[in-house]
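Colleague: Just passing along the structure, written as structure tokens.
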Amino acid sequence: MTEVAAAEQAEAGAAADAPLLAVENLRVSFGSTEVVKGISFTTRSGRCLGIVGESGSGKSVTARSLVGLAGAGATIQAGQMDLAGVDLTRQSQRSWRAIRGRQIGFILQDAMVSLDQLRRVGDEVAEPLKIHGWGTKAARARKAIDLLASVGVPEPEMRARQRPYELSGGLRQRALIASAIALDPKLLVADEPTTALDVTIQAQVLDLLAESKDRGTSIILISHDLSVVARLADDVLVMRDGEVVEYGQAHQVLHQPRHEYTQALLDAIPSEHTRGTQLVRPAAASGETVAHRARAPIDYSRPVLEARQITKVFRGPDKVDRTVVHDVSFELLAGETLGIVGESGSGKTTSARIALALLPPTCGEVLLDGLPWSTLPPAQRRPLRKRIGVIYQDPLSSFDPRWSTGRIITDALRTGPRPPSSKTEALARAVRLLEQVGLTERHLPAAPLRLSGGQRQRVAIARALAPEPEMIVCDEPVSALDVSIQAQVLDLLTDLQDELGVSYLFISHDLGVIHHMSDRILVMKDGRVVESGTADEVFEHPRNPYTQRLLTALPRLAQA
Amino acid sequence: MSALAIPRGHVRGIRIPVRIGTAVPLLFVLLVAVAAVAPGLLTDHSPTAIDIQHTLLPPSLSHLFGTDDAGRDQFTRVVYGARESLGIGLGATGLAMSIAIALGFAAGLAGGLVDTAIGRILEVAFAFPVLLLALLLIAIRGPSVTTEIVAVGIGSAPGYARMVRGQVLQVRQAGYIEAAGALGHSRWAVVRRHLFPNAMRPLVAMITLGIGQSIVWASGLAFLGLGVAPPSPEWGALLDSGRLYITTSWWLEIMPGLVIVGVALSVTSLGRTLQHELEGAAR
Amino acid sequence: MPTMRTARRVVIKVVTAIAVLIAAASVTFFAQLLVPGDRATAILNQQNGRAQQWTPAQLAPVDHKFGFDRPLIVQYLDYVGGLFRGNLGTSYTQYKPVTQVIGAELAPSLILTVVALIAAWVLALAVTLLTARRGRFLAALGSTWEALTASLPAYWVGVVLLVVFAVELRIFPVIGGTSPMGTVLPVLTLAIPLAGFLGQVTRDEFGKVLDQPFITTARTRGMRETAVRLKHALRHSVVPAITLSGWALGALVSGAVITENVFGRPGIGQVLVTAVNTRDVPTVSGIVLVVAAVYVAANLLVDVAYGLVDPRLRTA
């Protein structure tokens with residue numbers, strides 16, 4: 001090796017070691033409230049830093065502070081905030097504009113709302129080029145097409161002329177990434193880039209980011225999902241309440257965390273390993289063998305709900321028929337949890353609504369306790385509704401905005417088999433229900449608007465339990481919750497099942513949650529059931545190629 | 001407060017913040033209400049007392065709004081005119097709202113053919129601006145208080161009907177409507193307990209806006225000389241007679257106009273404030 | 001094929017528009033039957049300035065002239081059919097075709113209305129762009145201004161402008177006729193309240209749009225704030241205001257009637273008020289129908305405008 005080459009290599013080595021972005025003691029406050037309380041980290045070229053935290057942890061604010069977009073009224077201070085020699089604490093609005101898009105690229109969540117729906121995809125992708133005065137109009141148009149091709153969008157010329165809503169979710173997200181990397185920025189910040197995406201698309205997006213990383217870009221990946229971070233990050237920073245809880249290399253933080261909060265976050269992730277156990281474990285118990293659920297045995301002779309060859313066809317405004325659910329059959333037995341998993345558009349939510357008889361099937365029928373259910377006239381069905389309850393993904397929208405928690409629950413009590421005979425009795429029973437779901441009588445007069453996400457879902461569960469149902473349809477009940485809250489709610493549901501023997505029809509797109517909760521599983525795709533069986537059968541020996549694809553796409557934390 | 005005490009079924013009532021923004025309009029509206037109900041409290045003069053020696057005087061301490069061409073105290077005339085103007089405004093709004101709620105709910109709830117039919121009727125109704133419809137009715141029936149109320153009421157109803165329908169459609173899709181059905185409540189119970197109250201809540205502002213607008217429309221008609229016959233002190237009539245003196249005694253035109261504008265603004269602003277508070281409490 | 005579908009939709013819309021006009025005409029026709037008492041008597045009373053009983057011999061020529069002696073259904077069909085031939089009936093007082101009565105007066109009013117609509121849009125957009133979400137003071141100023149002006153009655157604005165700018169300051173003529181200088185104040189009279197109204201709606205929408213993620217994306221690309229507003233936010237914000245413009249045109253005509261009255265400006269305002277005073281129902285109906293036609297045409301244009309601004313609405 002020549003001297004020059006050796007020197008170059010040494011220099012390259014040194015550059016690779018030198019941090020690209022160095023942040024020290026970053027503090028962000030809005031007025032008198034401090035949201036980020038002095039955090040420090042570095043990133044390097046070709047490496048990815050994953051910033052993990054739940055809502056309120058300050059991770060998003062941190063990310064946006066790096067491009068000076070923390071929001072109106074934000075005060076940003078740092079001992080050091082240095083990007084390859086450029087001091088980010090001393091930027092004016094004007095100089096920020098030179099950095100954004102060119103030195104630092106930013107990817108937001110959900111391209112459906114992060115791209116301008118009224119502009120062509122090509123224009124959106126080429127916009128950073130235009131802002132920074134790159135090339136002529138024709139050159140930019142060509143470059144946009146090249147960029148789309150480089151992120152794996154087929155037929156890029158056609159796609160560039162379309163508008164974002166005409167593209168599928170996956171292609172949209174790729175286009176969003178294309179616009180962020182248009183000027184080949186040194187640093188790419190991705191704020192929850194995979195949330196709201198189907199698992200298979202999630203995997204594709206992460207692959208794209210990995211490619212960028214291999215080309216030398218430094219990536220900061222913000223996520224609440226530890227498994228997503230595990231897939232891509234080399235270093236991990238765990239934040240809580242604006243502070244750093246843990247910071248280190250990925251394999252150490254994720255497999256041998258030093259801090260109990262990190263451990264609790266990891267424990268709270270539902271998966272096949274957590275089946276039959278509590279997700280939320282008291283701190284002292286880590287390391288001991290975890291107690292398993294004490295369940296009542298499932299009664300195999302008595303199906304609570306039977307769906308027989310349900311089909312649902314919708315007629316769109318353009319007079320085109322869409323078959324949303326095709327020939328779906330399943331059984332829910334007393335005391336069991338049947339999980340229905342599928343990506344968006346799989347028909348799982350429609351099937352749930354048909355099971356609830358809120359939607360009539362085009363063909364087929366649903367039986368409740370062996371008796372006709374979907375074929376009954378509504379007036380005869382109403383008194384039977386107490387047997388089947390429901391909880392939704394967004395509990396707040398299922399509550400009348402004017403009603404207090406107390407009224408919501410007492411109203412549900414009146415529809416049950418033993419309506420309370422007096423107001424005092426109603427209140428007393430409402431309090432008992434609240435206690436059953438982990439709330440107290442203090443919550444009776446509260447407006448759901450003032451409660452946290454987890455508390456609202458508990459109220460929704462209490463309402464569902466009030467009429468003493470045999471089964472509850474759970475439509476994505478934890479998808480909108482933070483991991484630790486999710487764990488609490490899932491534990492609550494399993495506890496209630498153990499105590500009351502209620503069955504669950506559990507719908508989710510999250511494979512880990514499904515695997516944790518379900519006894520038997522149905523996998524749906526495009527309105528059809530493509531796989532069914534016990535949880536172990538489906539997850540360990542999937543027969544259908546789609547299921548297999550889902551499982552490989554699932555970013556998982558390899559257990560140590 | 002013991003939590004086991006009967007909890008209020010409804011969320012804590014809305015509090016209207018006491019600020020300048022709400023205090024001033026509120027006071028003004030109250031003044032006007034007093035003027036309508038007990039005009040004698042606000043002024044000693046008589047609205048019809050002619051005083052030839054003091055015609056066309058500019059505003060002063062003894063004549064707050066000046067005097068007109070027959071020496072009548074303008075302020076007194078405005079005060080006494082409040083009853084009729086307010087009456088027309090309330091009457092027309094009442095009529096408009098009744099029609100709007102009936103049509104809006106029918107269209108929003110029934111859907112299908114009923115909705116389409118009502119939609120078509122509304123489309124035709126929209127082709128008639130309020131003022132022109134009023135003029136048509138006056139041309140046919142002659143000017144009178146009833147004609148004015150009916151004209152403004154029917155003319156402004158379609159706009160409100162559309163708003164009501166939009167609200168009903170929006171609330172219909174809300175999660176709590178479906179959840180109530182899933183609990184086993186009958187359709188009628190759901191409409192009565194959830195849909196109607198929640199759909200009407202944001203429309204309070206619409207009603208206050210309507211009152212302001214109706215008063216403006218009615219006075220506009222009078223301004224054209226087509227309102228109630230003089231010497232009624234109804235505000236619009238004052239505007240009409242004041243027009244002759246715009247270039248010389250501008251107060252005869254401007255003062256009643258200010259009062260009308262003041263009422264319209266106050267009522268609208270109160271409505272908006274109420275709207276914000278209601279929306280804030282609900283979401 | 002998209003063009004086939006678009007053509008079909010356009011045809012449907014035009015047919016609907018014509019149906020609406022026929023329905024409106026029917027309403028005005030049947031409204032005429034609401035004249036208290038016998039129509040011929042009413043006409044003669046009006047002509048002679050007193051109310052009295054008339055002999056059948058005196059009523060007959062009037063009945064015949066206006067066709068009151070024919071069966072109702074024939075009168076109706078004649079009326080509607082006449083509309084397609086440009087015949088709006090005969091004035092009760094002037095014994096001339098209504099089209100002649102309205103005739104030349106229509107143009108100045110239409111000009112006033114259209115110019116006022118454009119002025120209102122320009123004003124509304126300017127105020128919104130300059131003051132929406134630009135700090136508490138500016139934003140409050142802008143929305144207060146809009147709230148104020150939206151509630152102002154046209155006659156009041158007109159009178160104030162007249163007194164201040166024409167009488168006192170003498171910048172504009174008090175009686176301007178249809179000259180450009182004389183048109184400024186009437187246009188402003190109509191435009192200012194409408195601008196307040198359109199502005200409120202656009203501002204609300206603008207505020208919501210500025211919170212959307214795609215706006216943040218534009219900023220992360222290094223775009224200037226003004227450019228973000230103009231290139232991204234504006235287009236999304238104007239849909240509600242476009243919706244209102246169809247209705248606004250109809251409302252502007254009402255306002256024009258009053259404004260012409262305030263400024264003594266030639267136009268249908270004068271014709272209309274006289275006609276109402278003399279209970280000349282066909283003339284009033286005729287004007288109302290012309291306005292309805294303008295409104296319907298405006299709505300068709302609004303539909304087209306939708307498709308241009310937001311392609312997603314094209315399939316509606």
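Scheme for the structure tokens: letters A, B, ... for chains in order shown; per-chain residue numbers from 1; ligand numbers from 1 in order shown.
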Per residue of chain C within 7 Å of chain B, note the shortest atom pair and the distance in Å to one decimal, counting only C-alpha atoms, and order the rows by chain and increasing residue number, as a Markdown table.

Modeller:
| residue | atom | partner | partner_atom | distance |
| --- | --- | --- | --- | --- |
| C:Val20 | CA | B:Val124 | CA | 5.5 |
| C:Ala23 | CA | B:Val124 | CA | 6.6 |
| C:Ala24 | CA | B:Val124 | CA | 5.9 |
| C:Gln32 | CA | B:Ile140 | CA | 6.7 |
| C:Leu34 | CA | B:Ile140 | CA | 6.6 |
| C:Val35 | CA | B:Ile140 | CA | 5.0 |
| C:Pro36 | CA | B:Arg141 | CA | 6.4 |
| C:Leu148 | CA | B:Leu265 | CA | 6.7 |
| C:Ser151 | CA | B:Leu265 | CA | 6.0 |
| C:Leu152 | CA | B:Val261 | CA | 6.2 |
| C:Pro153 | CA | B:Val216 | CA | 6.3 |
| C:Trp156 | CA | B:Gly257 | CA | 6.2 |
| C:Val163 | CA | B:Thr247 | CA | 6.9 |
| C:Val167 | CA | B:Thr247 | CA | 6.5 |
| C:Gly250 | CA | B:Pro129 | CA | 5.9 |
| C:Ala251 | CA | B:Pro129 | CA | 5.8 |
| C:Ser254 | CA | B:Leu131 | CA | 5.7 |
| C:Val276 | CA | B:Ala139 | CA | 4.6 |
| C:Asn277 | CA | B:Ala139 | CA | 6.9 |
| C:Arg279 | CA | B:Ala139 | CA | 4.5 |
| C:Asp280 | CA | B:Ala139 | CA | 6.7 |
| C:Val281 | CA | B:Ala139 | CA | 5.9 |
| C:Val284 | CA | B:Leu136 | CA | 6.1 |
| C:Ser285 | CA | B:Leu136 | CA | 6.7 |
| C:Val288 | CA | B:Leu132 | CA | 6.4 |
| C:Ala292 | CA | B:Ala127 | CA | 4.7 |
| C:Tyr295 | CA | B:Ala127 | CA | 6.0 |
| C:Val296 | CA | B:Ala127 | CA | 6.9 |

Colleague: Could you please take those selected residues and save N, CA and C atoms as an mmCIF file, in the first residue's frame?

Modeller:
data_model
loop_
_atom_site.group_PDB
_atom_site.id
_atom_site.type_symbol
_atom_site.label_atom_id
_atom_site.label_comp_id
_atom_site.auth_asym_id
_atom_site.auth_seq_id
_atom_site.Cartn_x
_atom_site.Cartn_y
_atom_site.Cartn_z
ATOM 1 N N VAL C 20 -83.762 23.124 -11.866
ATOM 2 C CA VAL C 20 -83.870 24.048 -10.730
ATOM 3 C C VAL C 20 -84.515 25.358 -11.183
ATOM 4 N N ALA C 23 -88.134 24.913 -11.610
ATOM 5 C CA ALA C 23 -88.789 24.863 -10.310
ATOM 6 C C ALA C 23 -88.913 26.262 -9.724
ATOM 7 N N ALA C 24 -87.845 27.053 -9.850
ATOM 8 C CA ALA C 24 -87.897 28.424 -9.338
ATOM 9 C C ALA C 24 -88.990 29.214 -10.039
ATOM 10 N N GLN C 32 -97.468 34.361 -7.461
ATOM 11 C CA GLN C 32 -98.305 35.433 -7.996
ATOM 12 C C GLN C 32 -99.772 35.224 -7.675
ATOM 13 N N LEU C 34 -100.860 34.445 -4.967
ATOM 14 C CA LEU C 34 -101.093 34.822 -3.579
ATOM 15 C C LEU C 34 -101.542 36.263 -3.449
ATOM 16 N N VAL C 35 -101.588 36.984 -4.572
ATOM 17 C CA VAL C 35 -102.053 38.373 -4.496
ATOM 18 C C VAL C 35 -103.431 38.380 -3.865
ATOM 19 N N PRO C 36 -103.598 39.203 -2.826
ATOM 20 C CA PRO C 36 -104.894 39.164 -2.156
ATOM 21 C C PRO C 36 -106.002 39.615 -3.096
ATOM 22 N N LEU C 148 -65.872 41.728 12.491
ATOM 23 C CA LEU C 148 -66.581 43.004 12.413
ATOM 24 C C LEU C 148 -67.245 43.186 11.053
ATOM 25 N N SER C 151 -70.350 41.118 9.770
ATOM 26 C CA SER C 151 -71.698 41.362 10.282
ATOM 27 C C SER C 151 -72.278 42.687 9.823
ATOM 28 N N LEU C 152 -71.505 43.466 9.082
ATOM 29 C CA LEU C 152 -71.993 44.794 8.725
ATOM 30 C C LEU C 152 -73.016 44.728 7.598
ATOM 31 N N PRO C 153 -74.125 45.417 7.774
ATOM 32 C CA PRO C 153 -75.103 45.439 6.683
ATOM 33 C C PRO C 153 -74.606 46.335 5.561
ATOM 34 N N TRP C 156 -75.299 50.117 5.651
ATOM 35 C CA TRP C 156 -74.555 50.899 6.625
ATOM 36 C C TRP C 156 -73.155 51.197 6.116
ATOM 37 N N VAL C 163 -70.594 59.045 3.333
ATOM 38 C CA VAL C 163 -70.428 60.230 4.159
ATOM 39 C C VAL C 163 -68.949 60.585 4.312
ATOM 40 N N VAL C 167 -68.779 62.801 0.868
ATOM 41 C CA VAL C 167 -69.269 64.079 1.362
ATOM 42 C C VAL C 167 -68.167 64.861 2.081
ATOM 43 N N GLY C 250 -75.385 35.272 -5.330
ATOM 44 C CA GLY C 250 -76.795 35.576 -5.124
ATOM 45 C C GLY C 250 -76.968 36.639 -4.062
ATOM 46 N N ALA C 251 -76.236 36.500 -2.974
ATOM 47 C CA ALA C 251 -76.359 37.481 -1.896
ATOM 48 C C ALA C 251 -75.874 38.848 -2.335
ATOM 49 N N SER C 254 -78.538 40.892 -3.911
ATOM 50 C CA SER C 254 -79.378 41.566 -2.915
ATOM 51 C C SER C 254 -78.693 42.827 -2.436
ATOM 52 N N VAL C 276 -91.752 47.021 -6.613
ATOM 53 C CA VAL C 276 -92.353 46.526 -5.381
ATOM 54 C C VAL C 276 -93.356 47.536 -4.850
ATOM 55 N N ASN C 277 -92.964 48.784 -4.901
ATOM 56 C CA ASN C 277 -93.871 49.827 -4.408
ATOM 57 C C ASN C 277 -95.179 49.858 -5.168
ATOM 58 N N ARG C 279 -96.486 47.302 -6.672
ATOM 59 C CA ARG C 279 -97.012 45.952 -6.691
ATOM 60 C C ARG C 279 -96.983 45.361 -8.089
ATOM 61 N N ASP C 280 -95.911 45.640 -8.822
ATOM 62 C CA ASP C 280 -95.775 45.128 -10.177
ATOM 63 C C ASP C 280 -95.118 43.754 -10.103
ATOM 64 N N VAL C 281 -95.966 42.766 -9.816
ATOM 65 C CA VAL C 281 -95.433 41.433 -9.527
ATOM 66 C C VAL C 281 -94.615 40.826 -10.662
ATOM 67 N N VAL C 284 -91.058 42.130 -10.629
ATOM 68 C CA VAL C 284 -90.281 41.609 -9.494
ATOM 69 C C VAL C 284 -89.939 40.143 -9.732
ATOM 70 N N SER C 285 -90.937 39.355 -10.165
ATOM 71 C CA SER C 285 -90.671 37.937 -10.444
ATOM 72 C C SER C 285 -89.598 37.793 -11.496
ATOM 73 N N VAL C 288 -86.285 38.399 -10.039
ATOM 74 C CA VAL C 288 -85.927 37.271 -9.163
ATOM 75 C C VAL C 288 -85.461 36.091 -10.000
ATOM 76 N N ALA C 292 -81.945 34.182 -10.122
ATOM 77 C CA ALA C 292 -81.843 32.737 -9.910
ATOM 78 C C ALA C 292 -80.992 32.102 -10.987
ATOM 79 N N TYR C 295 -77.468 32.737 -10.271
ATOM 80 C CA TYR C 295 -77.025 31.891 -9.161
ATOM 81 C C TYR C 295 -76.730 30.478 -9.640
ATOM 82 N N VAL C 296 -77.624 29.949 -10.441
ATOM 83 C CA VAL C 296 -77.429 28.574 -10.923
ATOM 84 C C VAL C 296 -76.182 28.486 -11.789
#

Colleague: Quick one: which residues from chain C are at most 7 Å off chain A, using only C-alpha atoms, as a ChimeraX atom specification?

Modeller: /C:213-214,217,220-223,310

Colleague: Just want the 7 Å neighbourhood of region 489-503 of chain A, counted on only C-alpha atoms, with same-chain residues fewer than 5 positions away dropped. Output as a ChimeraX atom specification.

Modeller: /A:278-279,294-296,334-337,437,470-472

Colleague: Just asking: which residues within region 71-209 of chain A are alpha helix (DSSP H) according to DSSP, as number ranges by chain?

Modeller: A: 93-99, 111-114, 121-131, 137-150, 156-161, 169-180, 199-209

Colleague: Env of Ala174 (chain B): 12 Å cut, atoms = only C-alpha atoms, seq-sep filter 6 positions within chain, self excluded. Answer as a VMD selection string.

Modeller: (chain A and resid 394 to 401) or (chain B and resid 167 to 168 180 to 181 190 194 to 195 198 to 199)

Colleague: Just need the residues of chain A within 7 Å of chain B, counting only C-alpha atoms, so spit them out as a list in words.

Modeller: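 So the residues of chain A near chain B are Arg382, Pro383, Arg385, Lys386, Ser397, Ser398, Phe399, Asp400, Pro401, Arg402, Trp403, Ser404, Gly406, Arg407, Ala412, Thr415, Leu427, Glu441, Arg442, Leu444, Pro445 and Ala447 of chain A.
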
Colleague: Skipping near chain neighbours, those fewer than 3 positions away, what residues fall within 10 Å of Ser212 (chain A) using only C-alpha atoms, listed as a list in words?

Modeller: Gly46, Arg47, Val151, Ile181, Asp184, Leu188, Leu206, Asp207, Leu208, Leu209, Arg215, Gly216, Thr217, Ser218 and Ile219 of chain A

Colleague: Any chance you can output those residues with C-alpha atoms as a PDB file, in the first residue's frame?

Modeller:
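Produced file selection.pdb, reproduced below:
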ATOM      1  CA  GLY A  46     -23.021   4.907   8.326  1.00  0.00           C
ATOM      2  CA  ARG A  47     -24.518   4.236  11.732  1.00  0.00           C
ATOM      3  CA  VAL A 151     -36.249   3.752  -3.687  1.00  0.00           C
ATOM      4  CA  ILE A 181     -32.769  11.891   0.431  1.00  0.00           C
ATOM      5  CA  ASP A 184     -28.078  13.193  -0.313  1.00  0.00           C
ATOM      6  CA  LEU A 188     -31.337  11.575   8.007  1.00  0.00           C
ATOM      7  CA  LEU A 206     -36.633  -0.274   7.094  1.00  0.00           C
ATOM      8  CA  ASP A 207     -34.715  -1.972   4.308  1.00  0.00           C
ATOM      9  CA  LEU A 208     -34.626   1.271   2.381  1.00  0.00           C
ATOM     10  CA  LEU A 209     -33.262   3.109   5.379  1.00  0.00           C
ATOM     11  CA  ARG A 215     -24.174   4.355   1.649  1.00  0.00           C
ATOM     12  CA  GLY A 216     -22.751   6.325   4.531  1.00  0.00           C
ATOM     13  CA  THR A 217     -25.695   8.389   5.713  1.00  0.00           C
ATOM     14  CA  SER A 218     -26.050   8.762   9.432  1.00  0.00           C
ATOM     15  CA  ILE A 219     -29.561   7.988  10.595  1.00  0.00           C
TER      16      ILE A 219
END
